[in-house]
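Q: Next comes the structure file query-v1.cif, holding mmCIF, C-alpha atoms.
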data_upload
#
loop_
_atom_site.group_PDB
_atom_site.id
_atom_site.type_symbol
_atom_site.label_atom_id
_atom_site.label_comp_id
_atom_site.auth_asym_id
_atom_site.auth_seq_id
_atom_site.Cartn_x
_atom_site.Cartn_y
_atom_site.Cartn_z
ATOM 1 C CA MET V 1237 -1.234 -32.827 13.960
ATOM 2 C CA LYS V 1238 1.127 -32.343 11.049
ATOM 3 C CA LEU V 1239 4.586 -31.114 12.038
ATOM 4 C CA LEU V 1240 5.951 -27.987 10.423
ATOM 5 C CA LYS V 1241 9.048 -28.734 8.354
ATOM 6 C CA LEU V 1242 10.968 -25.814 6.953
ATOM 7 C CA VAL V 1243 13.282 -28.190 5.085
ATOM 8 C CA PRO V 1244 11.751 -31.317 3.475
ATOM 9 C CA ASP V 1245 13.141 -34.746 4.254
ATOM 10 C CA ASN V 1246 15.789 -36.192 1.945
ATOM 11 C CA THR V 1247 16.854 -32.752 0.740
ATOM 12 C CA ASN V 1248 19.593 -33.025 -1.865
ATOM 13 C CA ILE V 1249 20.810 -29.559 -2.807
ATOM 14 C CA GLY V 1250 24.087 -29.359 -4.707
ATOM 15 C CA PHE V 1251 25.907 -26.744 -2.658
ATOM 16 C CA VAL V 1252 29.387 -27.715 -3.788
ATOM 17 C CA LYS V 1253 28.735 -27.150 -7.495
ATOM 18 C CA LEU V 1254 28.017 -23.497 -6.687
ATOM 19 C CA ARG V 1255 31.213 -23.012 -4.701
ATOM 20 C CA TYR V 1256 33.026 -20.950 -7.330
ATOM 21 C CA TRP V 1257 30.094 -18.559 -7.564
ATOM 22 C CA ALA V 1258 30.012 -18.427 -3.767
ATOM 23 C CA PHE V 1259 33.756 -17.758 -3.583
ATOM 24 C CA ALA V 1260 33.452 -14.957 -6.136
ATOM 25 C CA LEU V 1261 30.520 -13.391 -4.288
ATOM 26 C CA THR V 1262 32.353 -13.707 -0.972
ATOM 27 C CA ALA V 1263 35.475 -12.046 -2.386
ATOM 28 C CA LEU V 1264 33.421 -9.224 -3.930
ATOM 29 C CA LEU V 1265 31.463 -8.549 -0.733
ATOM 30 C CA THR V 1266 34.636 -8.651 1.343
ATOM 31 C CA VAL V 1267 36.373 -6.114 -0.908
ATOM 32 C CA LEU V 1268 33.310 -3.846 -0.823
ATOM 33 C CA ALA V 1269 33.079 -4.126 2.967
ATOM 34 C CA VAL V 1270 36.754 -3.331 3.485
ATOM 35 C CA GLY V 1271 36.593 -0.507 0.937
ATOM 36 C CA ALA V 1272 33.517 1.030 2.585
ATOM 37 C CA THR V 1273 35.132 0.797 6.016
ATOM 38 C CA LEU V 1274 38.347 2.457 4.848
ATOM 39 C CA HIS V 1275 36.610 5.101 2.711
ATOM 40 C CA ARG V 1276 33.667 6.114 4.881
ATOM 41 C CA GLY V 1277 34.926 4.933 8.235
ATOM 42 C CA LEU V 1278 32.831 3.833 11.175
ATOM 43 C CA ASN V 1279 30.545 6.174 13.060
ATOM 44 C CA LEU V 1280 32.341 5.549 16.336
ATOM 45 C CA GLY V 1281 30.353 6.213 19.458
ATOM 46 C CA VAL V 1282 31.532 8.124 22.487
ATOM 47 C CA ASP V 1283 32.831 4.833 23.899
ATOM 48 C CA PHE V 1284 35.622 4.917 21.310
ATOM 49 C CA VAL V 1285 36.239 8.569 20.482
ATOM 50 C CA GLY V 1286 35.686 10.129 23.890
ATOM 51 C CA GLY V 1287 33.724 13.286 24.619
ATOM 52 C CA LEU V 1288 30.168 14.148 25.545
ATOM 53 C CA MET V 1289 27.242 12.675 23.624
ATOM 54 C CA ILE V 1290 23.712 14.056 24.051
ATOM 55 C CA GLU V 1291 20.708 12.418 22.441
ATOM 56 C CA ALA V 1292 17.973 15.002 21.856
ATOM 57 C CA ARG V 1293 14.440 14.087 20.798
ATOM 58 C CA PHE V 1294 12.329 16.812 19.190
ATOM 59 C CA GLN V 1295 8.580 17.137 18.776
ATOM 60 C CA GLN V 1296 9.013 17.601 15.000
ATOM 61 C CA PRO V 1297 11.961 16.863 12.687
ATOM 62 C CA PRO V 1298 14.250 19.871 13.293
ATOM 63 C CA GLN V 1299 16.327 21.842 10.846
ATOM 64 C CA LEU V 1300 19.880 20.626 11.460
ATOM 65 C CA ASP V 1301 21.354 24.017 10.549
ATOM 66 C CA LYS V 1302 19.285 25.646 13.288
ATOM 67 C CA VAL V 1303 20.301 22.958 15.778
ATOM 68 C CA ARG V 1304 23.973 23.424 14.818
ATOM 69 C CA THR V 1305 23.683 27.198 15.298
ATOM 70 C CA THR V 1306 22.229 26.638 18.757
ATOM 71 C CA VAL V 1307 25.052 24.253 19.662
ATOM 72 C CA ASP V 1308 27.721 26.659 18.402
ATOM 73 C CA ARG V 1309 26.293 29.433 20.596
ATOM 74 C CA LEU V 1310 27.003 27.315 23.678
ATOM 75 C CA GLY V 1311 30.688 28.197 23.375
ATOM 76 C CA VAL V 1312 31.933 24.817 24.585
ATOM 77 C CA GLY V 1313 33.838 23.755 21.471
ATOM 78 C CA ASP V 1314 33.178 22.298 18.055
ATOM 79 C CA GLY V 1315 30.184 19.994 18.039
ATOM 80 C CA SER V 1316 28.906 17.468 15.521
ATOM 81 C CA LEU V 1317 25.345 16.418 14.762
ATOM 82 C CA GLN V 1318 23.805 13.278 13.358
ATOM 83 C CA GLN V 1319 20.219 12.156 12.989
ATOM 84 C CA PHE V 1320 19.793 8.883 14.824
ATOM 85 C CA GLY V 1321 17.045 6.313 14.437
ATOM 86 C CA ASP V 1322 14.377 8.694 13.100
ATOM 87 C CA PRO V 1323 14.286 12.298 11.848
ATOM 88 C CA ARG V 1324 13.171 13.601 15.255
ATOM 89 C CA THR V 1325 16.202 12.243 17.141
ATOM 90 C CA VAL V 1326 19.575 13.991 16.865
ATOM 91 C CA GLN V 1327 22.899 13.023 18.417
ATOM 92 C CA ILE V 1328 24.952 15.981 19.599
ATOM 93 C CA ARG V 1329 28.636 15.340 20.259
ATOM 94 C CA LEU V 1330 30.699 17.844 22.201
ATOM 95 C CA PRO V 1331 34.261 17.811 23.552
ATOM 96 C CA LEU V 1332 34.701 17.215 27.254
ATOM 97 C CA PRO V 1333 35.714 20.193 29.396
ATOM 98 C CA GLU V 1334 39.424 20.206 30.203
ATOM 99 C CA GLN V 1335 38.764 20.757 33.896
ATOM 100 C CA GLY V 1336 35.930 20.098 36.292
ATOM 101 C CA GLY V 1337 35.285 16.422 35.576
ATOM 102 C CA ALA V 1338 31.730 15.115 35.840
ATOM 103 C CA GLY V 1339 30.430 18.334 37.386
ATOM 104 C CA ALA V 1340 31.569 20.416 34.415
ATOM 105 C CA ALA V 1341 30.099 17.877 31.967
ATOM 106 C CA ASN V 1342 26.736 18.010 33.762
ATOM 107 C CA ALA V 1343 26.855 21.807 33.598
ATOM 108 C CA ILE V 1344 27.345 21.646 29.803
ATOM 109 C CA VAL V 1345 24.401 19.250 29.478
ATOM 110 C CA GLU V 1346 22.181 21.567 31.505
ATOM 111 C CA LYS V 1347 23.323 24.578 29.466
ATOM 112 C CA ALA V 1348 22.544 22.720 26.244
ATOM 113 C CA ARG V 1349 19.145 21.690 27.596
ATOM 114 C CA LYS V 1350 18.147 25.262 28.337
ATOM 115 C CA ALA V 1351 19.366 26.525 24.946
ATOM 116 C CA MET V 1352 17.571 23.765 23.058
ATOM 117 C CA THR V 1353 14.349 24.191 25.005
ATOM 118 C CA ALA V 1354 14.338 27.910 24.219
ATOM 119 C CA GLU V 1355 14.726 27.252 20.481
ATOM 120 C CA PHE V 1356 12.728 24.003 20.251
ATOM 121 C CA PRO V 1357 9.932 23.801 22.824
ATOM 122 C CA GLY V 1358 9.196 20.244 23.920
ATOM 123 C CA VAL V 1359 12.658 18.860 23.175
ATOM 124 C CA THR V 1360 13.878 16.194 25.603
ATOM 125 C CA PHE V 1361 17.311 14.724 26.305
ATOM 126 C CA SER V 1362 16.753 10.975 26.370
ATOM 127 C CA ARG V 1363 20.318 10.177 27.444
ATOM 128 C CA TYR V 1364 23.879 11.441 27.539
ATOM 129 C CA ASP V 1365 27.264 9.739 27.964
ATOM 130 C CA THR V 1366 30.741 10.945 28.805
ATOM 131 C CA VAL V 1367 34.001 9.079 28.156
ATOM 132 C CA SER V 1368 37.536 10.406 28.499
ATOM 133 C CA GLY V 1369 39.991 10.159 25.618
ATOM 134 C CA LYS V 1370 42.300 7.807 27.558
ATOM 135 C CA VAL V 1371 39.489 5.398 28.354
ATOM 136 C CA SER V 1372 38.200 5.466 24.771
ATOM 137 C CA GLY V 1373 41.654 4.548 23.433
ATOM 138 C CA GLU V 1374 41.855 1.592 25.806
ATOM 139 C CA LEU V 1375 38.376 0.471 24.756
ATOM 140 C CA ILE V 1376 39.386 0.458 21.081
ATOM 141 C CA GLN V 1377 42.450 -1.674 21.804
ATOM 142 C CA ASN V 1378 40.527 -4.075 24.028
ATOM 143 C CA GLY V 1379 37.655 -4.398 21.549
ATOM 144 C CA VAL V 1380 39.937 -5.200 18.600
ATOM 145 C CA LEU V 1381 41.986 -7.583 20.754
ATOM 146 C CA ALA V 1382 38.884 -9.412 21.977
ATOM 147 C CA VAL V 1383 37.582 -10.011 18.455
ATOM 148 C CA MET V 1384 40.942 -11.123 17.028
ATOM 149 C CA LEU V 1385 41.715 -13.467 19.926
ATOM 150 C CA ALA V 1386 38.263 -15.042 19.593
ATOM 151 C CA VAL V 1387 38.690 -15.648 15.849
ATOM 152 C CA ILE V 1388 42.258 -16.985 16.123
ATOM 153 C CA GLY V 1389 41.445 -19.163 19.138
ATOM 154 C CA ILE V 1390 38.478 -20.743 17.377
ATOM 155 C CA ALA V 1391 40.559 -21.414 14.248
ATOM 156 C CA ILE V 1392 43.292 -23.097 16.309
ATOM 157 C CA PHE V 1393 40.704 -25.238 18.096
ATOM 158 C CA SER V 1394 39.244 -26.380 14.771
ATOM 159 C CA TRP V 1395 42.753 -27.176 13.528
ATOM 160 C CA PHE V 1396 43.488 -29.537 16.435
ATOM 161 C CA ARG V 1397 39.925 -30.845 16.751
ATOM 162 C CA TYR V 1398 39.676 -31.934 13.121
ATOM 163 C CA GLU V 1399 42.268 -31.289 10.404
ATOM 164 C CA TRP V 1400 44.307 -28.224 9.468
ATOM 165 C CA GLN V 1401 41.924 -27.591 6.551
ATOM 166 C CA PHE V 1402 39.059 -27.077 9.007
ATOM 167 C CA GLY V 1403 41.080 -24.472 10.914
ATOM 168 C CA ILE V 1404 41.791 -22.412 7.809
ATOM 169 C CA SER V 1405 38.237 -22.652 6.455
ATOM 170 C CA THR V 1406 36.839 -21.636 9.857
ATOM 171 C CA PHE V 1407 39.168 -18.632 10.062
ATOM 172 C CA VAL V 1408 38.237 -17.476 6.542
ATOM 173 C CA ALA V 1409 34.506 -17.863 7.156
ATOM 174 C CA ILE V 1410 34.488 -16.065 10.504
ATOM 175 C CA MET V 1411 36.630 -13.192 9.215
ATOM 176 C CA HIS V 1412 34.133 -12.906 6.351
ATOM 177 C CA ASP V 1413 31.316 -12.551 8.899
ATOM 178 C CA VAL V 1414 33.201 -9.907 10.903
ATOM 179 C CA LEU V 1415 34.148 -7.870 7.827
ATOM 180 C CA MET V 1416 30.569 -7.993 6.533
ATOM 181 C CA THR V 1417 29.390 -6.536 9.832
ATOM 182 C CA LEU V 1418 31.976 -3.737 9.723
ATOM 183 C CA GLY V 1419 31.058 -2.941 6.123
ATOM 184 C CA PHE V 1420 27.370 -2.784 7.029
ATOM 185 C CA PHE V 1421 28.048 -0.227 9.773
ATOM 186 C CA ALA V 1422 30.330 1.781 7.488
ATOM 187 C CA ILE V 1423 27.618 1.990 4.820
ATOM 188 C CA THR V 1424 24.668 2.688 7.142
ATOM 189 C CA GLN V 1425 26.697 4.912 9.510
ATOM 190 C CA LEU V 1426 24.886 3.442 12.489
ATOM 191 C CA GLU V 1427 26.697 4.212 15.723
ATOM 192 C CA PHE V 1428 29.477 1.721 16.446
ATOM 193 C CA ASP V 1429 29.970 1.383 20.186
ATOM 194 C CA LEU V 1430 30.708 -1.293 22.771
ATOM 195 C CA ASN V 1431 27.276 -2.837 22.221
ATOM 196 C CA ILE V 1432 28.267 -3.557 18.619
ATOM 197 C CA VAL V 1433 31.535 -5.138 19.755
ATOM 198 C CA ALA V 1434 29.445 -7.428 21.948
ATOM 199 C CA ALA V 1435 27.234 -8.169 18.928
ATOM 200 C CA VAL V 1436 30.293 -9.038 16.800
ATOM 201 C CA LEU V 1437 31.546 -11.456 19.462
ATOM 202 C CA THR V 1438 28.074 -12.983 19.644
ATOM 203 C CA ILE V 1439 28.057 -13.379 15.853
ATOM 204 C CA VAL V 1440 31.436 -15.134 16.068
ATOM 205 C CA GLY V 1441 30.003 -17.500 18.681
ATOM 206 C CA TYR V 1442 26.919 -18.252 16.601
ATOM 207 C CA SER V 1443 28.948 -18.786 13.449
ATOM 208 C CA ILE V 1444 31.347 -21.215 15.063
ATOM 209 C CA ASN V 1445 28.455 -23.134 16.607
ATOM 210 C CA ASP V 1446 26.877 -23.512 13.165
ATOM 211 C CA LYS V 1447 30.172 -24.477 11.561
ATOM 212 C CA MET V 1448 31.034 -27.036 14.259
ATOM 213 C CA VAL V 1449 27.764 -28.872 13.666
ATOM 214 C CA ILE V 1450 28.503 -29.162 9.940
ATOM 215 C CA ASP V 1451 32.183 -30.012 10.514
ATOM 216 C CA ASP V 1452 31.255 -32.768 12.952
ATOM 217 C CA ARG V 1453 28.883 -34.279 10.412
ATOM 218 C CA ILE V 1454 31.557 -34.052 7.692
ATOM 219 C CA ARG V 1455 34.039 -35.868 9.918
ATOM 220 C CA GLU V 1456 31.493 -38.541 10.814
ATOM 221 C CA ASN V 1457 30.716 -39.138 7.139
ATOM 222 C CA MET V 1458 34.431 -39.213 6.305
ATOM 223 C CA ARG V 1459 34.692 -42.221 8.602
ATOM 224 C CA LYS V 1460 31.460 -43.767 7.401
ATOM 225 C CA TYR V 1461 31.902 -43.304 3.641
ATOM 226 C CA ARG V 1462 35.645 -43.624 3.125
ATOM 227 C CA LYS V 1463 35.363 -44.277 -0.603
ATOM 228 C CA MET V 1464 32.866 -41.511 -1.362
ATOM 229 C CA ASP V 1465 33.876 -38.554 -3.486
ATOM 230 C CA MET V 1466 34.589 -35.536 -1.264
ATOM 231 C CA LYS V 1467 32.169 -33.270 -3.157
ATOM 232 C CA ALA V 1468 29.302 -35.718 -2.674
ATOM 233 C CA LEU V 1469 30.285 -36.226 0.955
ATOM 234 C CA ILE V 1470 30.171 -32.513 1.761
ATOM 235 C CA ASP V 1471 26.847 -32.096 -0.049
ATOM 236 C CA LEU V 1472 25.475 -35.013 1.977
ATOM 237 C CA SER V 1473 26.751 -33.571 5.262
ATOM 238 C CA VAL V 1474 25.407 -30.078 4.635
ATOM 239 C CA ASN V 1475 22.004 -31.413 3.559
ATOM 240 C CA GLU V 1476 21.791 -33.636 6.622
ATOM 241 C CA THR V 1477 22.398 -30.654 8.940
ATOM 242 C CA LEU V 1478 20.335 -28.189 6.870
ATOM 243 C CA PRO V 1479 17.057 -28.623 8.834
ATOM 244 C CA ARG V 1480 18.851 -27.858 12.086
ATOM 245 C CA THR V 1481 20.680 -24.872 10.545
ATOM 246 C CA VAL V 1482 17.522 -23.354 9.065
ATOM 247 C CA MET V 1483 15.416 -23.921 12.178
ATOM 248 C CA THR V 1484 18.050 -22.355 14.430
ATOM 249 C CA SER V 1485 18.407 -19.322 12.158
ATOM 250 C CA VAL V 1486 14.656 -18.785 11.865
ATOM 251 C CA THR V 1487 14.008 -18.995 15.612
ATOM 252 C CA ILE V 1488 16.847 -16.573 16.373
ATOM 253 C CA MET V 1489 15.576 -14.169 13.710
ATOM 254 C CA LEU V 1490 12.117 -14.235 15.299
ATOM 255 C CA ALA V 1491 13.577 -13.314 18.660
ATOM 256 C CA LEU V 1492 15.700 -10.565 17.122
ATOM 257 C CA GLY V 1493 12.691 -9.264 15.192
ATOM 258 C CA ALA V 1494 10.799 -8.790 18.449
ATOM 259 C CA LEU V 1495 13.844 -7.066 19.947
ATOM 260 C CA LEU V 1496 14.076 -4.772 16.917
ATOM 261 C CA LEU V 1497 10.420 -3.762 17.213
ATOM 262 C CA PHE V 1498 10.156 -3.389 20.976
ATOM 263 C CA GLY V 1499 13.735 -2.994 22.200
ATOM 264 C CA GLY V 1500 13.943 0.729 21.478
ATOM 265 C CA HIS V 1501 16.494 2.694 19.504
ATOM 266 C CA VAL V 1502 19.253 2.061 22.059
ATOM 267 C CA LEU V 1503 19.365 -1.619 21.019
ATOM 268 C CA ARG V 1504 18.651 -1.018 17.332
ATOM 269 C CA GLY V 1505 22.301 -1.144 16.271
ATOM 270 C CA PHE V 1506 22.968 -4.284 18.314
ATOM 271 C CA THR V 1507 19.899 -6.016 16.882
ATOM 272 C CA ALA V 1508 20.727 -4.996 13.304
ATOM 273 C CA ALA V 1509 24.250 -6.371 13.699
ATOM 274 C CA MET V 1510 22.913 -9.652 15.076
ATOM 275 C CA MET V 1511 20.349 -10.086 12.287
ATOM 276 C CA LEU V 1512 22.990 -9.431 9.641
ATOM 277 C CA GLY V 1513 25.339 -11.824 11.414
ATOM 278 C CA ILE V 1514 22.780 -14.630 11.358
ATOM 279 C CA VAL V 1515 22.344 -14.250 7.588
ATOM 280 C CA VAL V 1516 26.027 -14.016 6.665
ATOM 281 C CA GLY V 1517 26.990 -16.646 9.252
ATOM 282 C CA THR V 1518 24.562 -19.178 7.810
ATOM 283 C CA TYR V 1519 25.716 -18.360 4.277
ATOM 284 C CA SER V 1520 29.403 -18.728 5.149
ATOM 285 C CA SER V 1521 28.791 -22.004 6.997
ATOM 286 C CA VAL V 1522 26.934 -23.591 4.097
ATOM 287 C CA TYR V 1523 28.755 -22.193 1.069
ATOM 288 C CA VAL V 1524 32.158 -20.882 2.148
ATOM 289 C CA SER V 1525 33.521 -22.923 5.026
ATOM 290 C CA SER V 1526 32.390 -26.358 3.830
ATOM 291 C CA SER V 1527 33.241 -25.948 0.149
ATOM 292 C CA LEU V 1528 36.621 -24.448 0.961
ATOM 293 C CA LEU V 1529 37.649 -27.809 2.426
ATOM 294 C CA ILE V 1530 37.705 -29.252 -1.112
ATOM 295 C CA THR V 1531 39.905 -26.424 -2.387
ATOM 296 C CA LEU V 1532 42.280 -27.054 0.519
ATOM 297 C CA GLY V 1533 42.619 -30.709 -0.493
ATOM 298 C CA LEU V 1534 40.721 -32.490 2.277
ATOM 299 C CA THR V 1535 39.919 -36.139 1.466
ATOM 300 C CA PRO V 1536 38.071 -38.891 3.381
ATOM 301 C CA GLN V 1537 41.408 -40.676 3.766
ATOM 302 C CA ALA V 1538 42.690 -37.816 5.933
ATOM 303 C CA GLY V 1539 40.094 -38.635 8.568
ATOM 304 C CA GLU V 1540 40.988 -42.306 8.315
ATOM 305 C CA ARG V 1541 44.680 -41.607 8.930
ATOM 306 C CA LYS V 1542 43.885 -39.451 11.952
ATOM 307 C CA GLU V 1543 41.598 -42.132 13.358
ATOM 308 C CA ARG V 1544 44.337 -44.767 12.977
ATOM 309 C CA LYS V 1545 46.822 -42.581 14.825
ATOM 310 C CA SER V 1546 44.307 -42.045 17.626
ATOM 311 C CA ILE V 1547 43.639 -45.771 17.930
ATOM 312 C CA ALA V 1548 47.372 -46.563 17.910
ATOM 313 C CA ALA V 1549 48.075 -43.991 20.621
ATOM 314 C CA GLN V 1550 45.239 -45.320 22.748
ATOM 315 C CA ALA V 1551 46.448 -48.914 22.323
ATOM 316 C CA GLU V 1552 49.933 -47.858 23.392
ATOM 317 C CA ARG V 1553 48.585 -46.248 26.560
ATOM 318 C CA VAL V 1554 46.545 -49.281 27.642
ATOM 319 C CA GLY V 1555 49.054 -51.930 26.495
ATOM 320 C CA PRO V 1556 50.648 -54.458 28.860
ATOM 321 C CA ARG V 1557 53.181 -53.055 31.270
ATOM 322 C CA ASP V 1558 56.538 -54.738 31.846
ATOM 323 C CA ASP V 1559 56.838 -54.490 35.629
ATOM 324 C CA GLY V 1560 59.660 -57.016 35.922
ATOM 325 C CA ALA V 1561 57.439 -59.809 37.202
ATOM 326 C CA ARG V 1562 58.424 -63.327 36.122
ATOM 327 C CA PRO V 1563 56.185 -66.393 35.766
#
As structure tokens, how would this structure be written, given the file I've shared?
A:
Amino acid sequence: MKLLKLVPDNTNIGFVKLRYWAFALTALLTVLAVGATLHRGLNLGVDFVGGLMIEARFQQPPQLDKVRTTVDRLGVGDGSLQQFGDPRTVQIRLPLPEQGGAGAANAIVEKARKAMTAEFPGVTFSRYDTVSGKVSGELIQNGVLAVMLAVIGIAIFSWFRYEWQFGISTFVAIMHDVLMTLGFFAITQLEFDLNIVAAVLTIVGYSINDKMVIDDRIRENMRKYRKMDMKALIDLSVNETLPRTVMTSVTIMLALGALLLFGGHVLRGFTAAMMLGIVVGTYSSVYVSSSLLITLGLTPQAGERKERKSIAAQAERVGPRDDGARP
């Protein structure tokens, strides 16, 4: 039986020669992502903005003006509407009642259900969530802190594990992946909630796993081919790990594709973020992180110097001990 090979043996793609094009594309996409996030903003879910969120599913695509009129007649405050997933599903966001807690929120949901059913027979409320403003503020701070600590911690680990150039290239590549994800959600206006924060952290974990495999191979080849030109060495390392990178990405995309089709609209944002993260993470690992090492001045001799220091330190630890004994 012939084995399936997504990447042929002895692949020799010149990734490094395209690095300036890759850097330009990366810079352009990053600026667009940041610009879209600042201009359009994220469609923050109830987890982050607080309030009451009702997800209503209609028999036929409703007229949003009629739905808004029905919501305004409830007399519970200014509401906002957004079609979610498909034209028949609408998110209704309402402010939380100042008093009454969960009981008052449930009363608003029941009041909205009766009003909607009267205007739109067959409508169903698939879910609703309530989050206080204080809790939502804490969730924003914790979410941002979690992502930044993960990125900085991984960069510091790469710095001490390899060379300082690896730490900087890892930080740049992972921040590129995170910003691409934020830009995607700003452009599509998909709901950004705690599930998406979890997806971003998962993307960071996948990206660093991919980058560590390539970085390990680069370091091994730096020791093995100490006289090789750095551009050729990085091309060799990336090509040697390319079958593993492509196979991992394809298998994860297959799993995410099944989740996108059968996971329901609740997981659609999470799955979309993950699929985008796999694409941009693979791109940044192959084109951005590895090629940036050359721009930062990494040479095979740097690995040799570090190896000599490690050997010298080890020899000093296991050297003979002067315990005062005389022959």
Q: Report as a Markdown table the residues of region 1436-1459 of chain V within 10 Å of region 1512-1524 of chain V, each with its shortest atom pair and distance in Å (one decimal), using only C-alpha atoms, ordered by chain and increasing residue number.
A:
| residue | atom | partner | partner_atom | distance |
| --- | --- | --- | --- | --- |
| V:Val1436 | CA | V:Gly1513 | CA | 7.8 |
| V:Thr1438 | CA | V:Gly1513 | CA | 8.7 |
| V:Ile1439 | CA | V:Gly1513 | CA | 5.4 |
| V:Val1440 | CA | V:Gly1517 | CA | 8.3 |
| V:Gly1441 | CA | V:Gly1517 | CA | 9.9 |
| V:Tyr1442 | CA | V:Gly1517 | CA | 7.5 |
| V:Ser1443 | CA | V:Gly1517 | CA | 5.1 |
| V:Ile1444 | CA | V:Ser1521 | CA | 8.5 |
| V:Asn1445 | CA | V:Ser1521 | CA | 9.7 |
| V:Asp1446 | CA | V:Ser1521 | CA | 6.6 |
| V:Lys1447 | CA | V:Ser1521 | CA | 5.4 |
| V:Met1448 | CA | V:Ser1521 | CA | 9.1 |
| V:Val1449 | CA | V:Ser1521 | CA | 9.6 |
| V:Ile1450 | CA | V:Ser1521 | CA | 7.7 |
| V:Asp1451 | CA | V:Ser1521 | CA | 9.4 |
Q: Tell me, in Å to one decimal, how far CA of Phe1396 (chain V) is from CA of Leu1528 (chain V).
A: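 We find that CA of Phe1396 (chain V) and CA of Leu1528 (chain V) lie 17.7 Å from each other.
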Q: Please measure the separation of CA of Glu1456 (chain V) and CA of Leu1437 (chain V), giving the value in Å to one decimal.
A: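 Computing it gives 28.4 Å between the two atoms.
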Q: Counting all atoms listed in the file, figure out which residue out of V:Leu1264, V:Ala1292, V:Leu1254, V:Ile1249 gets nearest to Gly1358 (chain V).
A: V:Ala1292
Q: For a quick check of your reading of the model, name the residues lying within 8 Å of the coordinate (27.4, -5.9, 16.3), counting only C-alpha atoms, and write them as a list in words.
A: Thr1417, Phe1428, Asn1431, Ile1432, Val1433, Ala1434, Ala1435, Val1436, Leu1437, Thr1438, Ile1439, Gly1505, Phe1506, Thr1507, Ala1508, Ala1509, Met1510 and Gly1513 of chain V
Q: What gap, in Å, lies between CA of Thr1305 (chain V) and CA of Leu1278 (chain V)?
A: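 Between these atoms lies a distance of 25.4 Å.
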Q: Enumerate, as a PDB file with C-alpha atoms, in the frame of the given file, the residues matched when the PyMOL selection byres ((chain V and resi 1378-1390) around 9) is run on the file above.
A:
ATOM      1  CA  GLY V1373      41.654   4.548  23.433  1.00  0.00           C
ATOM      2  CA  GLU V1374      41.855   1.592  25.806  1.00  0.00           C
ATOM      3  CA  LEU V1375      38.376   0.471  24.756  1.00  0.00           C
ATOM      4  CA  ILE V1376      39.386   0.458  21.081  1.00  0.00           C
ATOM      5  CA  GLN V1377      42.450  -1.674  21.804  1.00  0.00           C
ATOM      6  CA  ALA V1391      40.559 -21.414  14.248  1.00  0.00           C
ATOM      7  CA  ILE V1392      43.292 -23.097  16.309  1.00  0.00           C
ATOM      8  CA  PHE V1393      40.704 -25.238  18.096  1.00  0.00           C
ATOM      9  CA  SER V1394      39.244 -26.380  14.771  1.00  0.00           C
ATOM     10  CA  TRP V1395      42.753 -27.176  13.528  1.00  0.00           C
ATOM     11  CA  GLY V1403      41.080 -24.472  10.914  1.00  0.00           C
ATOM     12  CA  THR V1406      36.839 -21.636   9.857  1.00  0.00           C
ATOM     13  CA  PHE V1407      39.168 -18.632  10.062  1.00  0.00           C
ATOM     14  CA  ILE V1410      34.488 -16.065  10.504  1.00  0.00           C
ATOM     15  CA  MET V1411      36.630 -13.192   9.215  1.00  0.00           C
ATOM     16  CA  VAL V1414      33.201  -9.907  10.903  1.00  0.00           C
ATOM     17  CA  LEU V1430      30.708  -1.293  22.771  1.00  0.00           C
ATOM     18  CA  VAL V1433      31.535  -5.138  19.755  1.00  0.00           C
ATOM     19  CA  ALA V1434      29.445  -7.428  21.948  1.00  0.00           C
ATOM     20  CA  VAL V1436      30.293  -9.038  16.800  1.00  0.00           C
ATOM     21  CA  LEU V1437      31.546 -11.456  19.462  1.00  0.00           C
ATOM     22  CA  VAL V1440      31.436 -15.134  16.068  1.00  0.00           C
ATOM     23  CA  GLY V1441      30.003 -17.500  18.681  1.00  0.00           C
ATOM     24  CA  ILE V1444      31.347 -21.215  15.063  1.00  0.00           C
TER      25      ILE V1444
END
Q: For this structure, which residues satisfy the selection - the PyMOL selection byres ((chain V and resi 1352) around 12) - when it is evaluated on the file as given? I want them as an mmCIF file with C-alpha atoms, in the coordinates of the input.
A:
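Resulting contents of out.cif:
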data_model
loop_
_atom_site.group_PDB
_atom_site.id
_atom_site.type_symbol
_atom_site.label_atom_id
_atom_site.label_comp_id
_atom_site.auth_asym_id
_atom_site.auth_seq_id
_atom_site.Cartn_x
_atom_site.Cartn_y
_atom_site.Cartn_z
ATOM 1 C CA ILE V 1290 23.712 14.056 24.051
ATOM 2 C CA GLU V 1291 20.708 12.418 22.441
ATOM 3 C CA ALA V 1292 17.973 15.002 21.856
ATOM 4 C CA ARG V 1293 14.440 14.087 20.798
ATOM 5 C CA PHE V 1294 12.329 16.812 19.190
ATOM 6 C CA GLN V 1295 8.580 17.137 18.776
ATOM 7 C CA PRO V 1298 14.250 19.871 13.293
ATOM 8 C CA LYS V 1302 19.285 25.646 13.288
ATOM 9 C CA VAL V 1303 20.301 22.958 15.778
ATOM 10 C CA ARG V 1304 23.973 23.424 14.818
ATOM 11 C CA THR V 1305 23.683 27.198 15.298
ATOM 12 C CA THR V 1306 22.229 26.638 18.757
ATOM 13 C CA VAL V 1307 25.052 24.253 19.662
ATOM 14 C CA ASP V 1308 27.721 26.659 18.402
ATOM 15 C CA ARG V 1309 26.293 29.433 20.596
ATOM 16 C CA LEU V 1310 27.003 27.315 23.678
ATOM 17 C CA VAL V 1326 19.575 13.991 16.865
ATOM 18 C CA ILE V 1328 24.952 15.981 19.599
ATOM 19 C CA VAL V 1345 24.401 19.250 29.478
ATOM 20 C CA GLU V 1346 22.181 21.567 31.505
ATOM 21 C CA LYS V 1347 23.323 24.578 29.466
ATOM 22 C CA ALA V 1348 22.544 22.720 26.244
ATOM 23 C CA ARG V 1349 19.145 21.690 27.596
ATOM 24 C CA LYS V 1350 18.147 25.262 28.337
ATOM 25 C CA ALA V 1351 19.366 26.525 24.946
ATOM 26 C CA THR V 1353 14.349 24.191 25.005
ATOM 27 C CA ALA V 1354 14.338 27.910 24.219
ATOM 28 C CA GLU V 1355 14.726 27.252 20.481
ATOM 29 C CA PHE V 1356 12.728 24.003 20.251
ATOM 30 C CA PRO V 1357 9.932 23.801 22.824
ATOM 31 C CA GLY V 1358 9.196 20.244 23.920
ATOM 32 C CA VAL V 1359 12.658 18.860 23.175
ATOM 33 C CA THR V 1360 13.878 16.194 25.603
ATOM 34 C CA PHE V 1361 17.311 14.724 26.305
#
